[in-house]
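Undergrad: Structure in structure tokens, see below.
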Amino acid sequence: MKKYLLPENGQFYKANLHCHTTVSDGKLTPEQVKKAYMDHGYSIVAYTDHNVLLDHQDLTDENFVALNGFEIDLGEGPMPDRERKCCHICMVALSPDNLTQVCYHREKYVWGNAANYRPQLKVDDSPDFERRYTAECINEVMKTGREKGFFVTYNHPAWSFETYPDYTAYQNMHAMEIVNYGCFNAGYNDYAPEVYDEMLRYGKCGKIYCVATDDNHNGAPLTSMRCDSFGGFTMIKTDKLDYKSITDALVKGNFYASQGPKIYSLVYEDRKLKIETSDAESIFFTTGKRRTGVVQNSVMGDTVNYGEFEVRDTDIYVRVTVVSKDGKHACTNAYFVDDLLKD
């Protein structure tokens, strides 16, 4: 039986799922972000300014979907900000009318320009949420976000100074950032496939997805090599460009993460995972065990566009990495063998 791991029908839409604007510490207005990203072929931006959830649906039209969201931060203390460990989590509302701030404190944590937007926030009668940099509190934040109707991602582990004992203790997220281009472009090792594998193999995270984002603040001009936009994106496949179709696709995992290469199809059939891609130098298959596969042409400089890998019951999961000639990566989600074997 053939299983389409990326939907057979529909269209891929290019998305940035982590973005900052003048609402918090970004340099472009929400409107300027929309124009810049549409000029680079994007159809979706999640507006995730720090600690404030605002309605951006005035930006949505037939060619562009603005997703409402915010980023919440929890950090060690007391110590200088640039020295302490922290955990940042993006929450993207699954419905455009879900605008109630979660894990909110009426006096703390909303900093900088974002504090000017406190009067606009929709807050329920929940007690003020006290943040603690502990796995227990971080897991509570993620769990609350999911329960309150958000797509929850764990962000930039390298920038956050987090290591294996930290992130493998986290639970309740939908996805982790396998690429955070803004941090990567600033010199942090936030192309992080090894973190994804550690979370899948040894952590408490469960069956999580991976996304690629920009985390853009736009401190450098859009034409500069230091620009933190347009370098990490998530390709979401769905049958139409509207808010609920996009967020439904996110929850179902109908997407892949990329820095450049394209994935056209991904199917599981006859015990094999089969992938079709844009021109690639290599296609790698990674499993939950010490067993891998690689597809490369025998002639130096030739490209590959297709790969397949025989999946074994003992593999736990399998995921695919596509590498282009310029060294950029596209990464699929991890697909677990027990799910692949289901009728």
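Order determines the names: the first chain of the structure tokens is A, the second B, and so forth; residues in each chain are numbered 1 upward, and ligands are numbered 1 upward as they are shown.
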Could you give me, as a PyMOL selection string, the residues within 9 Å of His56 (chain A), counting only C-alpha atoms and dropping anything in the same chain fewer than 4 positions from it?
TA: chain A and resi 30+47+60+66-68+96
Undergrad: Find the spatial neighbours of region 309-316 of chain A, counting only C-alpha atoms, within a cut-off of 10 Å - ignore same-chain residues fewer than 6 positions away - and output them as a ChimeraX atom specification.
TA: /A:200-201,268-275,284-295,334-341
Undergrad: What residues in region 139-336 of chain A get the DSSP label alpha helix (DSSP H)? Please answer as a ChimeraX atom specification.
TA: /A:139-147,164-167,181-185,193-202,243-252
Undergrad: Among region 165-337 of chain A, which residues carry a DSSP assignment of strand (DSSP E), reported as a VMD selection string?
TA: chain A and resid 175 to 180 209 to 213 233 to 238 255 to 258 263 to 269 272 to 280 282 to 287 292 to 295 304 to 310 317 to 323 329 to 331 335 to 336
Undergrad: Can you pull out the residues contacting region 6-11 of chain A? Cut-off 10 Å, using only C-alpha atoms, and skip same-chain residues under 4 positions away; I want them as a ChimeraX atom specification.
TA: /A:235-241,249,252-256,263-267,332-333
Undergrad: Limited to C-alpha atoms, could you put the picked residues into a file as an mmCIF file, in the first residue's frame?
TA:
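Now in again_10.cif:
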data_model
loop_
_atom_site.group_PDB
_atom_site.id
_atom_site.type_symbol
_atom_site.label_atom_id
_atom_site.label_comp_id
_atom_site.auth_asym_id
_atom_site.auth_seq_id
_atom_site.Cartn_x
_atom_site.Cartn_y
_atom_site.Cartn_z
ATOM 1 C CA MET A 235 7.171 24.339 2.886
ATOM 2 C CA ILE A 236 3.578 23.549 3.854
ATOM 3 C CA LYS A 237 1.405 21.487 1.534
ATOM 4 C CA THR A 238 -2.334 22.011 1.576
ATOM 5 C CA ASP A 239 -5.230 22.375 -0.822
ATOM 6 C CA LYS A 240 -5.805 26.097 -0.291
ATOM 7 C CA LEU A 241 -4.206 29.186 1.146
ATOM 8 C CA ALA A 249 -1.437 21.042 7.760
ATOM 9 C CA LYS A 252 -0.733 16.904 10.642
ATOM 10 C CA GLY A 253 2.944 17.353 9.715
ATOM 11 C CA ASN A 254 2.260 18.056 6.041
ATOM 12 C CA PHE A 255 5.451 20.047 5.512
ATOM 13 C CA TYR A 256 9.222 19.912 5.303
ATOM 14 C CA ILE A 263 11.121 18.052 -2.031
ATOM 15 C CA TYR A 264 8.464 17.200 -4.587
ATOM 16 C CA SER A 265 7.111 13.920 -3.210
ATOM 17 C CA LEU A 266 7.644 11.578 -0.289
ATOM 18 C CA VAL A 267 5.900 8.200 -0.162
ATOM 19 C CA THR A 332 11.780 15.933 6.289
ATOM 20 C CA ASN A 333 10.018 15.206 9.505
#
Undergrad: With a cut-off of 8 Å, could you pull out the residues of region 142-197 of chain A touching region 74-90 of chain A and give me the nearest pair of atoms for each, distance in Å to one decimal, using only C-alpha atoms, ordered by chain and ascending number, as a tab-separated table?
TA:
residue	atom	partner	partner_atom	distance
A:Met142	CA	A:Ile89	CA	7.8
A:Phe151	CA	A:Cys90	CA	7.9
A:Val152	CA	A:Cys90	CA	5.8
A:Thr153	CA	A:Cys90	CA	5.2
A:Tyr154	CA	A:Ile89	CA	4.9
A:Asn155	CA	A:His88	CA	5.5
A:His156	CA	A:His88	CA	7.6
A:Pro157	CA	A:Cys87	CA	7.7
A:Ser160	CA	A:Cys86	CA	5.2
A:Phe161	CA	A:Lys85	CA	5.2
A:Glu162	CA	A:Lys85	CA	6.2
Undergrad: Write the residues of the preceding selection, restricted to all heavy atoms, as a short mmCIF file (atom, residue, chain, number, x, y, z; two decimals), in the first residue's frame.
TA:
data_model
loop_
_atom_site.label_atom_id
_atom_site.label_comp_id
_atom_site.auth_asym_id
_atom_site.auth_seq_id
_atom_site.Cartn_x
_atom_site.Cartn_y
_atom_site.Cartn_z
N MET A 142 4.56 24.50 27.47
CA MET A 142 4.26 23.82 26.21
C MET A 142 2.91 23.12 26.27
O MET A 142 2.12 23.19 25.32
CB MET A 142 5.37 22.82 25.89
CG MET A 142 6.70 23.46 25.54
SD MET A 142 7.94 22.21 25.10
CE MET A 142 9.34 23.25 24.65
N PHE A 151 0.10 25.90 18.00
CA PHE A 151 1.16 25.06 17.47
C PHE A 151 2.44 25.50 18.16
O PHE A 151 2.85 26.66 18.06
CB PHE A 151 1.27 25.23 15.95
CG PHE A 151 2.27 24.32 15.29
CD1 PHE A 151 1.95 23.00 14.99
CD2 PHE A 151 3.54 24.78 14.96
CE1 PHE A 151 2.86 22.17 14.37
CE2 PHE A 151 4.46 23.96 14.34
CZ PHE A 151 4.12 22.64 14.05
N VAL A 152 3.09 24.57 18.86
CA VAL A 152 4.16 24.90 19.80
C VAL A 152 5.49 24.41 19.25
O VAL A 152 5.66 23.23 18.93
CB VAL A 152 3.89 24.26 21.17
CG1 VAL A 152 5.01 24.58 22.14
CG2 VAL A 152 2.54 24.74 21.72
N THR A 153 6.48 25.33 19.15
CA THR A 153 7.81 24.95 18.68
C THR A 153 8.87 25.33 19.71
O THR A 153 8.77 26.35 20.40
CB THR A 153 8.16 25.61 17.34
OG1 THR A 153 8.28 27.02 17.51
CG2 THR A 153 7.12 25.30 16.29
N TYR A 154 9.90 24.48 19.77
CA TYR A 154 11.08 24.73 20.60
C TYR A 154 12.16 25.34 19.71
O TYR A 154 12.48 24.81 18.65
CB TYR A 154 11.56 23.42 21.22
CG TYR A 154 12.95 23.48 21.83
CD1 TYR A 154 13.21 24.29 22.93
CD2 TYR A 154 13.99 22.74 21.30
CE1 TYR A 154 14.47 24.35 23.48
CE2 TYR A 154 15.26 22.79 21.84
CZ TYR A 154 15.49 23.60 22.94
OH TYR A 154 16.75 23.66 23.47
N ASN A 155 12.76 26.45 20.18
CA ASN A 155 13.57 27.30 19.30
C ASN A 155 15.07 27.28 19.62
O ASN A 155 15.45 27.11 20.78
CB ASN A 155 13.07 28.74 19.37
CG ASN A 155 11.61 28.88 18.99
OD1 ASN A 155 11.06 28.01 18.33
ND2 ASN A 155 11.00 29.96 19.41
N HIS A 156 15.89 27.48 18.60
CA HIS A 156 17.33 27.74 18.60
C HIS A 156 18.09 27.24 19.85
O HIS A 156 18.52 28.04 20.68
CB HIS A 156 17.60 29.24 18.41
CG HIS A 156 16.78 30.18 19.26
ND1 HIS A 156 16.76 30.16 20.65
CD2 HIS A 156 15.96 31.20 18.90
CE1 HIS A 156 15.99 31.12 21.10
NE2 HIS A 156 15.49 31.76 20.06
N PRO A 157 18.29 25.95 19.97
CA PRO A 157 18.99 25.42 21.15
C PRO A 157 20.41 25.95 21.32
O PRO A 157 20.86 26.16 22.46
CB PRO A 157 18.98 23.91 20.94
CG PRO A 157 18.71 23.71 19.48
CD PRO A 157 17.87 24.87 19.06
N SER A 160 20.50 29.43 22.68
CA SER A 160 19.99 29.38 24.05
C SER A 160 20.97 28.77 25.04
O SER A 160 20.68 28.71 26.24
CB SER A 160 18.68 28.57 24.08
OG SER A 160 17.70 29.16 23.25
N PHE A 161 22.13 28.29 24.55
CA PHE A 161 23.14 27.61 25.40
C PHE A 161 22.60 26.32 26.00
O PHE A 161 23.11 25.83 27.01
CB PHE A 161 23.63 28.52 26.52
CG PHE A 161 24.57 29.60 26.09
CD1 PHE A 161 24.88 29.84 24.76
CD2 PHE A 161 25.17 30.43 27.04
CE1 PHE A 161 25.75 30.84 24.36
CE2 PHE A 161 26.05 31.44 26.66
CZ PHE A 161 26.33 31.65 25.32
N GLU A 162 21.56 25.76 25.38
CA GLU A 162 21.00 24.52 25.93
C GLU A 162 21.72 23.32 25.34
O GLU A 162 22.13 23.31 24.17
CB GLU A 162 19.50 24.46 25.67
CG GLU A 162 18.74 25.52 26.44
CD GLU A 162 17.30 25.15 26.71
OE1 GLU A 162 16.56 24.91 25.73
OE2 GLU A 162 16.92 25.11 27.88
#
Undergrad: Considering only C-alpha atoms, return as a ChimeraX atom specification whatever protein or nucleic-acid residues lie within 9 Å of Pro193 (chain A), sequence-local ones (same chain, fewer than 5 positions apart) excluded.
TA: /A:178-179,198,331
Undergrad: Please produce an output containing C-alpha atoms for each residue in the selection, written as a JSON list (two decimals), in the first residue's frame.
TA:
[["chain", "number", "residue", "atom", "x", "y", "z"],
["A", 178, "ILE", "CA", 16.11, 22.21, 12.97],
["A", 179, "VAL", "CA", 17.10, 25.47, 11.26],
["A", 198, "GLU", "CA", 18.82, 13.29, 20.26],
["A", 331, "CYS", "CA", 14.91, 18.03, 6.05]]
Undergrad: Could you pull the residues within 7 Å of region 122-134 of chain A, counting only C-alpha atoms, minus those fewer than 6 positions along the same chain, as a PyMOL selection string?
TA: chain A and resi 74-76+99-101+103-106
